[in-house]
>>> print(open('run-v2.cif').read())   # mmCIF, C-alpha atoms and all ligand atoms
data_entry
#
loop_
_atom_site.label_atom_id
_atom_site.label_comp_id
_atom_site.auth_asym_id
_atom_site.auth_seq_id
_atom_site.Cartn_x
_atom_site.Cartn_y
_atom_site.Cartn_z
CA MET A 193 2.27 18.97 17.93
CA ILE A 194 4.73 21.81 18.50
CA ILE A 195 3.62 25.15 19.88
CA ARG A 196 5.88 27.98 18.80
CA ASN A 197 6.04 31.69 19.64
CA GLY A 198 4.55 31.44 23.09
CA TRP A 199 5.80 32.93 26.36
CA LEU A 200 5.53 30.18 28.95
CA SER A 201 4.80 30.16 32.65
CA LEU A 202 7.29 27.58 33.91
CA PRO A 203 7.70 26.35 37.51
CA PHE A 204 9.96 28.58 39.62
CA CYS A 205 10.43 31.10 36.79
CA ASP A 206 9.78 34.73 37.66
CA GLU A 207 9.24 35.93 34.11
CA PRO A 208 7.61 34.52 30.95
CA VAL A 209 10.05 32.30 29.04
CA LYS A 210 9.95 32.22 25.24
CA SER A 211 10.12 28.56 24.36
CA ASP A 212 8.52 25.83 22.28
CA VAL A 213 6.29 23.13 23.73
CA TRP A 214 6.27 19.67 22.22
CA ILE A 215 3.12 17.67 22.84
CA GLU A 216 2.79 13.96 22.27
CA GLU A 217 -0.29 11.89 23.02
CA GLY A 218 -1.83 14.64 25.10
CA ARG A 219 1.18 15.14 27.35
CA ILE A 220 4.00 17.63 27.36
CA ALA A 221 6.93 15.74 25.86
CA ALA A 222 9.55 18.50 25.92
CA ILE A 223 10.06 22.22 26.46
CA GLY A 224 12.81 24.17 24.74
CA GLN A 225 13.93 24.88 21.23
CA VAL A 226 12.41 21.96 19.39
CA PRO A 227 14.24 21.32 16.09
CA ALA A 228 12.25 21.24 12.87
CA VAL A 229 10.43 17.94 12.77
CA ASP A 230 7.58 16.59 10.78
CA ASP A 231 4.82 17.53 13.19
CA GLU A 232 1.84 19.88 13.36
CA ILE A 233 2.90 23.43 14.27
CA LEU A 234 0.67 25.76 16.28
CA ASP A 235 1.70 29.42 16.30
CA ALA A 236 0.95 31.02 19.68
CA ASP A 237 1.49 34.46 18.15
CA GLY A 238 3.22 35.98 21.15
CA CYS A 239 0.58 34.91 23.69
CA PHE A 240 1.41 34.10 27.27
CA ILE A 241 0.86 30.41 27.95
CA LEU A 242 -0.18 29.43 31.47
CA PRO A 243 -0.95 26.01 32.95
CA GLY A 244 -4.68 25.35 32.72
CA ALA A 245 -6.37 26.71 35.83
CA VAL A 246 -7.63 24.27 38.46
CA ASP A 247 -10.84 25.67 39.95
CA ALA A 248 -11.00 23.63 43.14
CA HIS A 249 -14.38 24.88 44.33
CA VAL A 250 -17.39 24.74 42.03
CA HIS A 251 -21.05 23.89 42.49
CA PHE A 252 -22.24 22.38 39.22
CA ASN A 253 -25.33 21.05 41.01
CA GLU A 254 -25.80 17.85 39.01
CA PRO A 255 -27.76 15.71 39.62
CA GLY A 256 -30.43 17.49 41.63
CA TYR A 257 -30.35 21.25 41.20
CA THR A 258 -29.76 21.52 37.47
CA GLU A 259 -32.13 24.48 37.16
CA ARG A 260 -29.16 26.41 38.57
CA GLU A 261 -26.27 24.74 36.74
CA ASP A 262 -25.18 21.45 35.24
CA PHE A 263 -21.90 19.95 34.11
CA ALA A 264 -22.50 20.65 30.41
CA HIS A 265 -22.90 24.40 31.03
CA GLY A 266 -20.52 24.74 33.96
CA SER A 267 -17.66 22.95 32.25
CA ARG A 268 -18.09 25.03 29.08
CA ALA A 269 -17.91 28.16 31.21
CA ALA A 270 -14.77 26.74 32.80
CA VAL A 271 -12.84 26.13 29.58
CA ALA A 272 -13.91 29.49 28.14
CA GLY A 273 -12.26 30.99 31.22
CA GLY A 274 -9.04 28.96 30.97
CA VAL A 275 -10.07 26.45 33.66
CA THR A 276 -9.13 22.95 32.53
CA THR A 277 -9.92 21.06 35.76
CA VAL A 278 -12.72 21.64 38.24
CA ILE A 279 -13.37 19.99 41.57
CA ASP A 280 -17.07 19.82 42.33
CA MET A 281 -18.61 20.16 45.77
CA PRO A 282 -20.57 17.27 47.31
CA CYS A 283 -23.40 19.16 49.00
CA THR A 284 -25.19 20.76 46.05
CA SER A 285 -26.25 17.62 44.25
CA VAL A 286 -28.88 14.99 45.04
CA PRO A 287 -28.08 12.66 46.61
CA PRO A 288 -25.20 14.46 48.34
CA VAL A 289 -21.85 12.71 47.90
CA THR A 290 -21.66 11.26 51.39
CA THR A 291 -21.28 7.60 50.40
CA ARG A 292 -19.40 5.72 47.71
CA ALA A 293 -22.72 4.60 46.20
CA ASN A 294 -23.88 8.21 45.96
CA LEU A 295 -20.58 9.14 44.35
CA GLN A 296 -21.06 6.42 41.73
CA THR A 297 -24.58 7.70 41.09
CA LYS A 298 -23.20 11.18 40.48
CA LEU A 299 -20.42 9.91 38.23
CA ALA A 300 -22.89 7.95 36.14
CA VAL A 301 -24.94 11.11 35.53
CA ILE A 302 -22.14 13.59 34.88
CA GLY A 303 -19.64 11.26 33.20
CA GLY A 304 -20.83 12.04 29.69
CA GLN A 305 -21.42 15.75 30.27
CA SER A 306 -18.17 17.47 31.17
CA VAL A 307 -15.98 19.27 28.67
CA CYS A 308 -13.19 19.83 31.21
CA ASP A 309 -11.43 17.31 33.43
CA PHE A 310 -12.90 17.01 36.89
CA ALA A 311 -12.50 15.57 40.35
CA LEU A 312 -15.07 15.34 43.13
CA PHE A 313 -15.12 16.10 46.81
CA GLY A 314 -16.81 13.79 49.26
CA GLY A 315 -19.08 15.35 51.86
CA VAL A 316 -19.39 14.99 55.60
CA SER A 317 -22.57 16.25 57.21
CA ALA A 318 -24.19 15.96 60.62
CA GLN A 319 -26.60 13.45 59.10
CA SER A 320 -23.97 11.32 57.39
CA PHE A 321 -21.12 11.19 59.89
CA ASP A 322 -20.99 8.93 62.89
CA PRO A 323 -17.41 9.04 64.16
CA ALA A 324 -17.73 5.45 65.40
CA PHE A 325 -18.50 4.20 61.86
CA PRO A 326 -16.25 5.92 59.34
CA ASP A 327 -16.55 3.07 56.81
CA GLU A 328 -18.06 5.19 54.07
CA LEU A 329 -15.28 7.76 54.35
CA ILE A 330 -12.68 5.01 54.14
CA GLU A 331 -14.36 3.68 51.01
CA MET A 332 -14.52 7.08 49.36
CA ALA A 333 -11.03 8.26 50.31
CA PRO A 334 -9.12 6.77 47.33
CA ILE A 335 -11.42 8.43 44.77
CA VAL A 336 -12.26 11.88 46.21
CA ALA A 337 -10.03 14.94 46.29
CA GLY A 338 -10.96 15.72 49.90
CA PHE A 339 -13.87 15.85 52.34
CA LYS A 340 -16.02 18.97 52.68
CA GLY A 341 -17.83 19.91 55.86
CA TYR A 342 -19.58 23.00 57.20
CA ALA A 343 -19.20 24.80 60.50
CA LEU A 344 -22.35 26.65 59.47
CA SER A 345 -24.84 25.28 56.99
CA GLY A 346 -27.90 26.77 55.37
CA MET A 347 -28.82 23.40 53.85
CA GLU A 348 -31.30 21.18 55.66
CA THR A 349 -30.01 18.14 53.76
CA PHE A 350 -26.41 18.79 54.71
CA GLY A 351 -26.14 19.75 58.37
CA ARG A 352 -23.17 21.43 59.99
CA LEU A 353 -20.44 19.59 61.88
CA ASP A 354 -20.26 20.36 65.58
CA ALA A 355 -16.80 20.82 67.09
CA PHE A 356 -16.68 17.23 68.35
CA ARG A 357 -17.48 15.73 64.95
CA LEU A 358 -15.02 18.09 63.30
CA ARG A 359 -12.31 16.98 65.69
CA GLU A 360 -13.02 13.31 65.00
CA LEU A 361 -13.05 13.95 61.26
CA LEU A 362 -9.72 15.79 61.42
CA SER A 363 -8.30 12.92 63.42
CA LEU A 364 -9.47 10.50 60.71
CA SER A 365 -8.08 12.69 57.92
CA ARG A 366 -4.60 11.39 58.67
CA SER A 367 -5.43 7.77 57.93
CA LEU A 368 -7.81 8.75 55.13
CA ASN A 369 -4.91 10.68 53.65
CA ARG A 370 -7.27 13.34 52.34
CA PRO A 371 -7.73 16.96 53.41
CA VAL A 372 -10.81 18.17 55.24
CA LEU A 373 -12.27 21.34 53.71
CA LEU A 374 -14.23 23.58 56.01
CA HIS A 375 -16.76 26.35 55.45
CA ALA A 376 -15.75 28.42 58.47
CA GLU A 377 -18.41 30.64 60.02
CA ASP A 378 -19.52 30.25 63.61
CA ALA A 379 -23.00 28.73 63.76
CA ASP A 380 -23.90 29.99 67.24
CA PHE A 381 -22.96 33.56 66.41
CA VAL A 382 -24.89 33.60 63.15
CA ALA A 383 -27.92 31.80 64.59
CA ALA A 384 -28.23 34.37 67.37
CA ALA A 385 -27.38 37.42 65.27
CA THR A 386 -29.64 36.64 62.31
CA PRO A 387 -33.07 37.22 63.93
CA VAL A 388 -31.76 40.38 65.59
CA PHE A 389 -30.64 41.95 62.32
CA MET A 390 -33.61 40.58 60.39
CA ALA A 391 -35.85 42.47 62.81
CA ALA A 392 -33.71 45.57 62.40
CA GLY A 393 -33.90 45.78 58.63
CA ASP A 394 -33.66 44.31 55.17
CA SER A 395 -30.49 45.57 53.53
CA PRO A 396 -27.07 44.25 52.58
CA ARG A 397 -25.75 46.05 55.64
CA HIS A 398 -28.04 44.07 57.94
CA TYR A 399 -27.12 40.81 56.27
CA TYR A 400 -23.42 41.62 56.64
CA LEU A 401 -23.89 42.40 60.35
CA SER A 402 -25.42 38.97 60.92
CA ARG A 403 -22.18 37.30 59.83
CA PRO A 404 -19.27 39.73 60.19
CA GLU A 405 -15.52 39.07 60.44
CA THR A 406 -15.90 37.79 64.00
CA ALA A 407 -18.15 34.94 62.86
CA GLU A 408 -15.46 33.77 60.47
CA MET A 409 -12.61 34.30 62.94
CA LEU A 410 -14.31 32.19 65.63
CA ALA A 411 -14.80 29.24 63.31
CA VAL A 412 -11.30 29.42 61.80
CA ALA A 413 -9.72 29.66 65.26
CA ALA A 414 -11.66 26.64 66.52
CA ALA A 415 -10.85 24.56 63.45
CA VAL A 416 -7.14 25.46 63.51
CA ARG A 417 -7.06 24.48 67.17
CA LEU A 418 -8.68 21.11 66.40
CA ALA A 419 -6.32 20.49 63.49
CA GLY A 420 -3.35 21.16 65.75
CA GLU A 421 -4.69 18.92 68.48
CA THR A 422 -5.26 15.99 66.10
CA GLY A 423 -2.52 16.51 63.53
CA GLY A 424 -5.41 16.76 61.07
CA ASN A 425 -5.19 17.83 57.45
CA LEU A 426 -7.28 21.02 57.18
CA HIS A 427 -8.08 23.49 54.43
CA ILE A 428 -10.27 26.56 54.96
CA VAL A 429 -12.39 27.42 51.92
CA HIS A 430 -13.31 30.92 50.70
CA ILE A 431 -11.57 33.06 53.32
CA ALA A 432 -13.01 36.59 53.31
CA THR A 433 -11.44 38.08 56.45
CA GLY A 434 -7.85 39.31 56.29
CA ASP A 435 -7.16 38.66 59.98
CA ALA A 436 -8.00 34.96 59.54
CA LEU A 437 -4.60 34.54 57.86
CA ASP A 438 -2.88 35.24 61.17
CA LEU A 439 -4.61 32.16 62.57
CA LEU A 440 -3.11 30.00 59.82
CA ALA A 441 0.43 31.30 60.33
CA GLY A 442 2.86 28.67 61.60
CA THR A 443 0.40 25.81 61.05
CA THR A 444 -0.06 23.28 58.24
CA VAL A 445 -3.58 24.60 57.60
CA THR A 446 -4.07 25.98 54.09
CA GLY A 447 -6.57 28.47 52.74
CA GLU A 448 -8.22 29.78 49.62
CA THR A 449 -10.07 32.96 48.76
CA CYS A 450 -12.29 33.95 45.82
CA PRO A 451 -12.22 36.86 43.34
CA HIS A 452 -15.32 38.44 44.90
CA TYR A 453 -13.50 38.95 48.20
CA LEU A 454 -10.58 40.53 46.35
CA ALA A 455 -12.69 42.77 44.11
CA PHE A 456 -15.52 44.02 46.30
CA THR A 457 -16.18 45.55 49.73
CA THR A 458 -19.29 46.07 51.83
CA ALA A 459 -19.68 49.48 50.16
CA ASP A 460 -20.12 47.64 46.83
CA PHE A 461 -22.50 45.16 48.47
CA GLU A 462 -24.65 48.03 49.77
CA ALA A 463 -24.67 49.65 46.32
CA ARG A 464 -25.35 46.50 44.28
CA GLY A 465 -27.40 44.39 46.67
CA ALA A 466 -28.14 40.73 46.06
CA ALA A 467 -25.79 40.55 43.06
CA LEU A 468 -23.01 40.46 45.65
CA LYS A 469 -24.71 38.23 48.19
CA VAL A 470 -22.36 35.36 49.01
CA ALA A 471 -21.46 33.31 52.07
CA PRO A 472 -19.25 34.25 53.82
CA THR A 473 -20.35 37.82 53.20
CA ILE A 474 -18.28 40.39 51.36
CA LYS A 475 -16.21 42.20 54.00
CA PRO A 476 -15.29 45.88 54.59
CA ALA A 477 -12.39 47.55 52.78
CA GLY A 478 -9.02 46.51 54.14
CA ASN A 479 -9.81 42.80 54.02
CA ASP A 480 -9.46 42.84 50.23
CA THR A 481 -5.97 44.35 50.38
CA ALA A 482 -4.93 41.96 53.17
CA LEU A 483 -6.03 38.99 51.05
CA TRP A 484 -4.10 40.27 48.02
CA ARG A 485 -0.96 40.69 50.12
CA ALA A 486 -1.26 37.18 51.49
CA LEU A 487 -1.72 35.73 48.02
CA ALA A 488 1.38 37.61 46.89
CA ASP A 489 3.63 36.38 49.69
CA GLY A 490 2.29 32.83 49.99
CA ARG A 491 0.41 33.01 53.30
CA LEU A 492 -2.75 32.34 51.30
CA HIS A 493 -2.45 29.37 49.01
CA PHE A 494 -4.83 29.62 46.08
CA VAL A 495 -7.96 31.16 44.58
CA THR A 496 -11.18 29.39 43.60
CA SER A 497 -14.40 30.73 42.10
CA ASP A 498 -16.95 29.10 44.45
CA HIS A 499 -19.00 29.03 41.24
CA ALA A 500 -22.64 28.96 42.38
CA PRO A 501 -25.13 30.10 39.75
CA CYS A 502 -28.87 30.57 40.20
CA PRO A 503 -31.84 31.46 38.00
CA GLU A 504 -32.38 35.22 37.76
CA ALA A 505 -35.40 35.12 40.05
CA GLY A 506 -33.17 33.77 42.81
CA LYS A 507 -31.52 37.16 43.20
CA ARG A 508 -34.86 39.02 43.13
CA THR A 509 -36.98 37.54 45.87
CA GLY A 510 -37.74 40.92 47.42
CA SER A 511 -35.58 40.41 50.49
CA ILE A 512 -31.83 40.24 50.96
CA TRP A 513 -32.45 37.53 53.55
CA SER A 514 -34.06 35.14 51.08
CA ASP A 515 -32.12 36.09 47.93
CA TYR A 516 -29.84 33.36 46.61
CA SER A 517 -26.31 33.37 47.94
CA GLY A 518 -23.69 32.77 45.26
CA ILE A 519 -21.87 33.98 42.16
CA ALA A 520 -21.34 32.26 38.80
CA GLY A 521 -17.63 32.89 38.61
CA THR A 522 -15.61 30.08 37.03
CA GLN A 523 -15.40 31.77 33.62
CA THR A 524 -14.04 35.04 35.04
CA LEU A 525 -11.69 33.58 37.69
CA LEU A 526 -8.49 33.54 35.64
CA PRO A 527 -9.25 36.62 33.49
CA TYR A 528 -9.87 38.61 36.67
CA LEU A 529 -6.65 37.45 38.38
CA PHE A 530 -4.61 38.03 35.24
CA SER A 531 -5.93 41.56 34.78
CA GLU A 532 -6.31 42.81 38.34
CA GLY A 533 -3.63 40.67 39.95
CA TYR A 534 -0.76 40.25 37.52
CA CYS A 535 -1.22 43.25 35.21
CA ARG A 536 -1.75 45.57 38.19
CA HIS A 537 1.34 44.21 39.93
CA ARG A 538 -0.51 42.84 42.95
CA ILE A 539 0.86 39.35 42.32
CA SER A 540 3.93 38.20 40.44
CA TRP A 541 4.03 36.18 37.25
CA ARG A 542 5.13 33.17 39.26
CA ARG A 543 2.36 33.51 41.85
CA LEU A 544 -0.29 33.85 39.13
CA ALA A 545 0.31 30.24 38.02
CA GLU A 546 0.78 28.98 41.56
CA ILE A 547 -2.50 30.36 42.93
CA THR A 548 -4.57 29.36 39.89
CA ALA A 549 -3.10 25.95 39.04
CA THR A 550 -0.02 24.62 40.81
CA ALA A 551 -1.11 24.93 44.44
CA PRO A 552 -4.66 23.56 44.11
CA ALA A 553 -3.44 20.64 41.96
CA ARG A 554 -0.82 19.77 44.57
CA ARG A 555 -3.13 20.24 47.53
CA TYR A 556 -5.66 17.78 46.16
CA GLY A 557 -3.23 15.19 44.79
CA LEU A 558 -3.81 15.99 41.11
CA ASP A 559 -0.24 17.19 40.48
CA TYR A 560 0.79 13.91 38.89
CA VAL A 561 -0.94 15.22 35.73
CA LYS A 562 -2.07 18.82 36.39
CA GLY A 563 -0.88 22.19 37.65
CA THR A 564 2.37 23.02 35.84
CA ILE A 565 3.80 23.21 32.35
CA SER A 566 6.43 20.52 32.62
CA PRO A 567 7.39 17.32 30.79
CA GLY A 568 5.14 14.39 31.61
CA LYS A 569 2.16 16.52 32.66
CA ASP A 570 -1.06 16.77 30.69
CA ALA A 571 -0.84 19.45 28.00
CA ASP A 572 -3.47 21.66 29.67
CA LEU A 573 -2.61 25.14 28.44
CA VAL A 574 -4.23 28.58 28.36
CA PHE A 575 -3.16 31.11 25.76
CA ILE A 576 -3.65 34.69 26.98
CA ASP A 577 -3.03 37.64 24.69
CA PRO A 578 -1.69 40.35 27.02
CA ARG A 579 -2.04 43.05 24.35
CA ALA A 580 -5.80 42.57 24.05
CA SER A 581 -8.58 43.37 26.50
CA TRP A 582 -11.91 41.70 27.26
CA HIS A 583 -15.23 43.32 28.10
CA PRO A 584 -17.50 40.38 28.91
CA GLY A 585 -21.26 40.72 28.83
CA PRO A 586 -23.99 38.22 29.71
CA GLU A 587 -23.99 36.97 26.09
CA ASP A 588 -20.37 35.81 26.54
CA MET A 589 -21.19 33.58 29.50
CA TYR A 590 -21.65 29.82 29.14
CA SER A 591 -23.06 29.21 32.62
CA LYS A 592 -26.77 28.71 33.14
CA GLY A 593 -26.64 31.50 35.72
CA ARG A 594 -26.20 35.17 34.87
CA ASN A 595 -25.35 36.16 38.45
CA ASN A 596 -21.78 37.24 37.75
CA PRO A 597 -20.76 40.65 39.11
CA PHE A 598 -17.59 40.71 37.00
CA LEU A 599 -19.47 41.43 33.76
CA ASN A 600 -19.54 44.72 31.88
CA ARG A 601 -16.06 45.74 32.95
CA THR A 602 -12.92 45.82 30.87
CA TRP A 603 -10.18 43.35 31.76
CA GLN A 604 -6.65 43.47 30.44
CA GLY A 605 -5.72 40.30 28.55
CA ARG A 606 -7.87 37.99 26.53
CA ILE A 607 -8.01 34.20 26.47
CA ARG A 608 -7.38 33.12 22.88
CA ARG A 609 -7.26 29.37 23.35
CA THR A 610 -7.66 26.65 25.98
CA MET A 611 -6.21 23.15 25.52
CA ILE A 612 -6.86 20.02 27.55
CA ARG A 613 -4.57 17.04 27.04
CA GLY A 614 -3.22 18.59 23.86
CA ARG A 615 -6.58 19.21 22.27
CA THR A 616 -8.06 22.68 21.75
CA VAL A 617 -11.34 22.86 23.64
CA TYR A 618 -11.99 26.61 23.26
CA THR A 619 -10.91 29.51 21.10
CA ASP A 620 -12.13 33.07 21.32
CA THR A 621 -13.27 32.99 17.70
CA GLU A 622 -14.92 29.54 17.59
CA GLY A 623 -16.12 29.21 21.18
CA VAL A 624 -16.16 25.81 22.89
CA THR A 625 -14.98 23.19 20.44
CA ALA A 626 -15.00 20.01 22.53
CA ALA A 627 -18.04 17.81 22.97
CA PRO A 628 -19.63 16.94 26.32
CA GLY A 629 -17.91 13.86 27.66
CA TYR A 630 -14.42 14.92 26.60
CA GLY A 631 -13.60 15.70 30.24
CA ARG A 632 -12.16 12.89 32.32
CA PHE A 633 -12.68 12.00 35.95
CA LEU A 634 -9.50 12.35 38.00
CA LYS A 635 -8.61 10.38 41.10
CA PRO A 636 -6.02 11.81 43.47
CA ARG A 637 -2.61 10.27 43.90
CA LEU A 638 -2.42 8.36 47.14
CA GLU A 639 0.85 9.42 48.74
CA PRO A 640 0.62 11.90 51.61
CA CYS A 641 -0.02 15.42 50.39
CA GLN A 642 -0.36 17.54 53.52
CA GLU A 643 3.18 18.91 53.80
CA SER A 644 3.61 19.41 50.08
CA ALA A 645 0.77 21.92 50.08
CA ARG A 646 3.16 24.68 51.05
ZN ZN B 701 -19.02 26.74 47.90
#
>>> encode(input="run-v2.cif", output="structure tokens")
Amino acid sequence: MIIRNGWLSLPFCDEPVKSDVWIEEGRIAAIGQVPAVDDEILDADGCFILPGAVDAHVHFNEPGYTEREDFAHGSRAAVAGGVTTVIDMPCTSVPPVTTRANLQTKLAVIGGQSVCDFALFGGVSAQSFDPAFPDELIEMAPIVAGFKGYALSGMETFGRLDAFRLRELLSLSRSLNRPVLLHAEDADFVAAATPVFMAAGDSPRHYYLSRPETAEMLAVAAAVRLAGETGGNLHIVHIATGDALDLLAGTTVTGETCPHYLAFTTADFEARGAALKVAPTIKPAGNDTALWRALADGRLHFVTSDHAPCPEAGKRTGSIWSDYSGIAGTQTLLPYLFSEGYCRHRISWRRLAEITATAPARRYGLDYVKGTISPGKDADLVFIDPRASWHPGPEDMYSKGRNNPFLNRTWQGRIRRTMIRGRTVYTDTEGVTAAPGYGRFLKPRLEPCQESAR
């Protein structure tokens, strides 16, 4: 197949490049002016063509919590939003992915469900991790994208890592050759602050005060210190506090943020309530602009959705303290960053592809097939019409959850088509066109990946 009339996002190019793409057997065979050959022609009609987004932080909840989300729904939401690869978290499925056997159980359940390609994170919890017996981690390392742990956990089945365990895990990460991903909020601070602010009131403001910037800063600082001490391979997930980026400066530690920390402030949280309840909490104005700046200049490495849907009742329990924490965001991740990042000149054309595809693919060892439009890579492509706009409503969402605060706004640009391995899996007129099971499981490459993350 030859794609003509598209404006490509190519590695290291600062502007869209008008060029043809030649696809053979699901891979990009060549880029450039392809001479007339006897092959199927697809007219991109002046669309921008970006590498398929890699959403490296989703909770598709299968098996175990499928009343919230499952791979069939979550992966359809992904491709409708230009996400061609997801990496699913280990903690929000039953059993949690803390052993190789549990990972195989999960793969057996989800293998026939996904429309998009996918990788999995392994999990490390207080219950599962004995530093003296890391055998399960060693067994999982060749097939997981990384290992996720929590400095603060709200899940009884997946307890937080104390500083000693985190240090031992970071030490191990070197021989495991996989990054450690950390949810960074300080457990002592939050445990002590929560009853105080629960007694004081029941509002978004009180919830925010129980886990403010300081809670995040303390945990990031401790983890960065432990990574330095051990030479460990550390990634901080969903950074919400602008000042946390200073703690990463001059280290090998990488970070991600999410659209909700870029789009909203505590003033929005107070106005909209549980719809914007997430963990870490939405932060006051100023953090959003600091995060945008760091994405633009490379101090912050990529953006994920932290897709975490829930049934509607979950956001209406009657108390902010018990309302579900999470947003169903994978379908709006790329449209939001295209419209509010690129079109509003907060991030460059080049950074748009890096923060949505190139950097997460490289960080998790998936760059042998994903992350850029270049010869030899999978033909995972998103066609965005920059002349059109999109005003998504709940009826446009494929997720099981409707808890997406990015709906009912107008975004510049519209996704016309998503391709995975050369096959169209979504168009804006036909919807999702691939069957469950089209998505493939991806293992990471096994060479070291820590330094190449930057
Ligand atoms: Zn998460």
>>> atom_distance(input="run-v2.cif", atom1="atom CA of Arg508 of chain A", atom2="atom CA of Asn595 of chain A")
11.0 Å
>>> residues_around(input="run-v2.cif", residues="segment 473-489 of chain A", least_positions_apart="3", cutoff="6 Å", atoms="all atoms listed in the file", output="list of chain:residue names")
A:Tyr400, A:Thr433, A:Gly434, A:Tyr453, A:Leu454, A:Thr457, A:Thr458, A:Val470, A:Leu492, A:Ile539
>>> residues_near_ligand(input="run-v2.cif", ligand="ligand ZN 701 (chain B)", cutoff="8 Å", atoms="all atoms listed in the file", output="NGL selection string")
:A and (249-251 or 281 or 375 or 429-430 or 498-500)
>>> closest_atom_pairs(input="run-v2.cif", of="segment 555-632 of chain A", to="segment 202-206 of chain A", cutoff="8 Å", atoms="all atoms listed in the file", output="CSV")
residue,atom,partner,partner_atom,distance
A:Thr564,CA,A:Pro203,CA,6.5
A:Ile565,CA,A:Leu202,CA,5.8
A:Ser566,CA,A:Leu202,CA,7.2
>>> residues_around(input="run-v2.cif", residues="Thr616 of chain A", least_positions_apart="3", cutoff="10 Å", atoms="only C-alpha atoms", output="list in words")
Val271, Asp572, Leu573, Val574, Arg609, Thr610, Met611, Ile612, Arg613, Thr619, Val624, Thr625 and Ala626 of chain A
>>> closest_residue(input="run-v2.cif", among="A:Met193, A:Met589, A:Ala571, A:Val617", to="Gly218 of chain A", atoms="all atoms listed in the file")
A:Ala571
>>> build_atoms(input="run-v2.cif", residues="segment 419-430 of chain A", atoms="N, CA, C and O atoms", output="compact mmCIF listing (two decimals), keeping the file's coordinate frame")
# COMPACT_ATOMS: atom_id res chain seq x y z
N ALA A 419 -7.30 21.09 64.41
CA ALA A 419 -6.32 20.49 63.49
C ALA A 419 -4.98 20.29 64.19
O ALA A 419 -4.32 19.27 64.02
N GLY A 420 -4.60 21.28 65.02
CA GLY A 420 -3.35 21.16 65.75
C GLY A 420 -3.40 20.03 66.76
O GLY A 420 -2.45 19.24 66.91
N GLU A 421 -4.52 19.93 67.43
CA GLU A 421 -4.69 18.92 68.48
C GLU A 421 -4.63 17.50 67.91
O GLU A 421 -4.14 16.57 68.54
N THR A 422 -5.14 17.33 66.68
CA THR A 422 -5.26 15.99 66.10
C THR A 422 -4.19 15.69 65.06
O THR A 422 -4.11 14.55 64.58
N GLY A 423 -3.42 16.70 64.67
CA GLY A 423 -2.52 16.51 63.53
C GLY A 423 -3.30 16.37 62.24
O GLY A 423 -2.83 15.78 61.26
N GLY A 424 -4.51 16.91 62.21
CA GLY A 424 -5.41 16.76 61.07
C GLY A 424 -4.99 17.61 59.87
O GLY A 424 -4.23 18.56 60.00
N ASN A 425 -5.52 17.23 58.74
CA ASN A 425 -5.19 17.83 57.45
C ASN A 425 -6.35 18.76 57.05
O ASN A 425 -7.38 18.31 56.57
N LEU A 426 -6.16 20.07 57.28
CA LEU A 426 -7.28 21.02 57.18
C LEU A 426 -7.03 22.09 56.13
O LEU A 426 -5.92 22.63 56.02
N HIS A 427 -8.09 22.39 55.40
CA HIS A 427 -8.08 23.49 54.43
C HIS A 427 -9.33 24.33 54.67
O HIS A 427 -10.44 23.81 54.76
N ILE A 428 -9.13 25.66 54.77
CA ILE A 428 -10.27 26.56 54.96
C ILE A 428 -10.68 27.12 53.60
O ILE A 428 -9.85 27.73 52.91
N VAL A 429 -11.92 26.91 53.21
CA VAL A 429 -12.39 27.42 51.92
C VAL A 429 -12.80 28.88 52.03
O VAL A 429 -13.06 29.40 53.13
N HIS A 430 -12.85 29.53 50.90
CA HIS A 430 -13.31 30.92 50.70
C HIS A 430 -13.13 31.87 51.90
O HIS A 430 -14.08 32.36 52.47
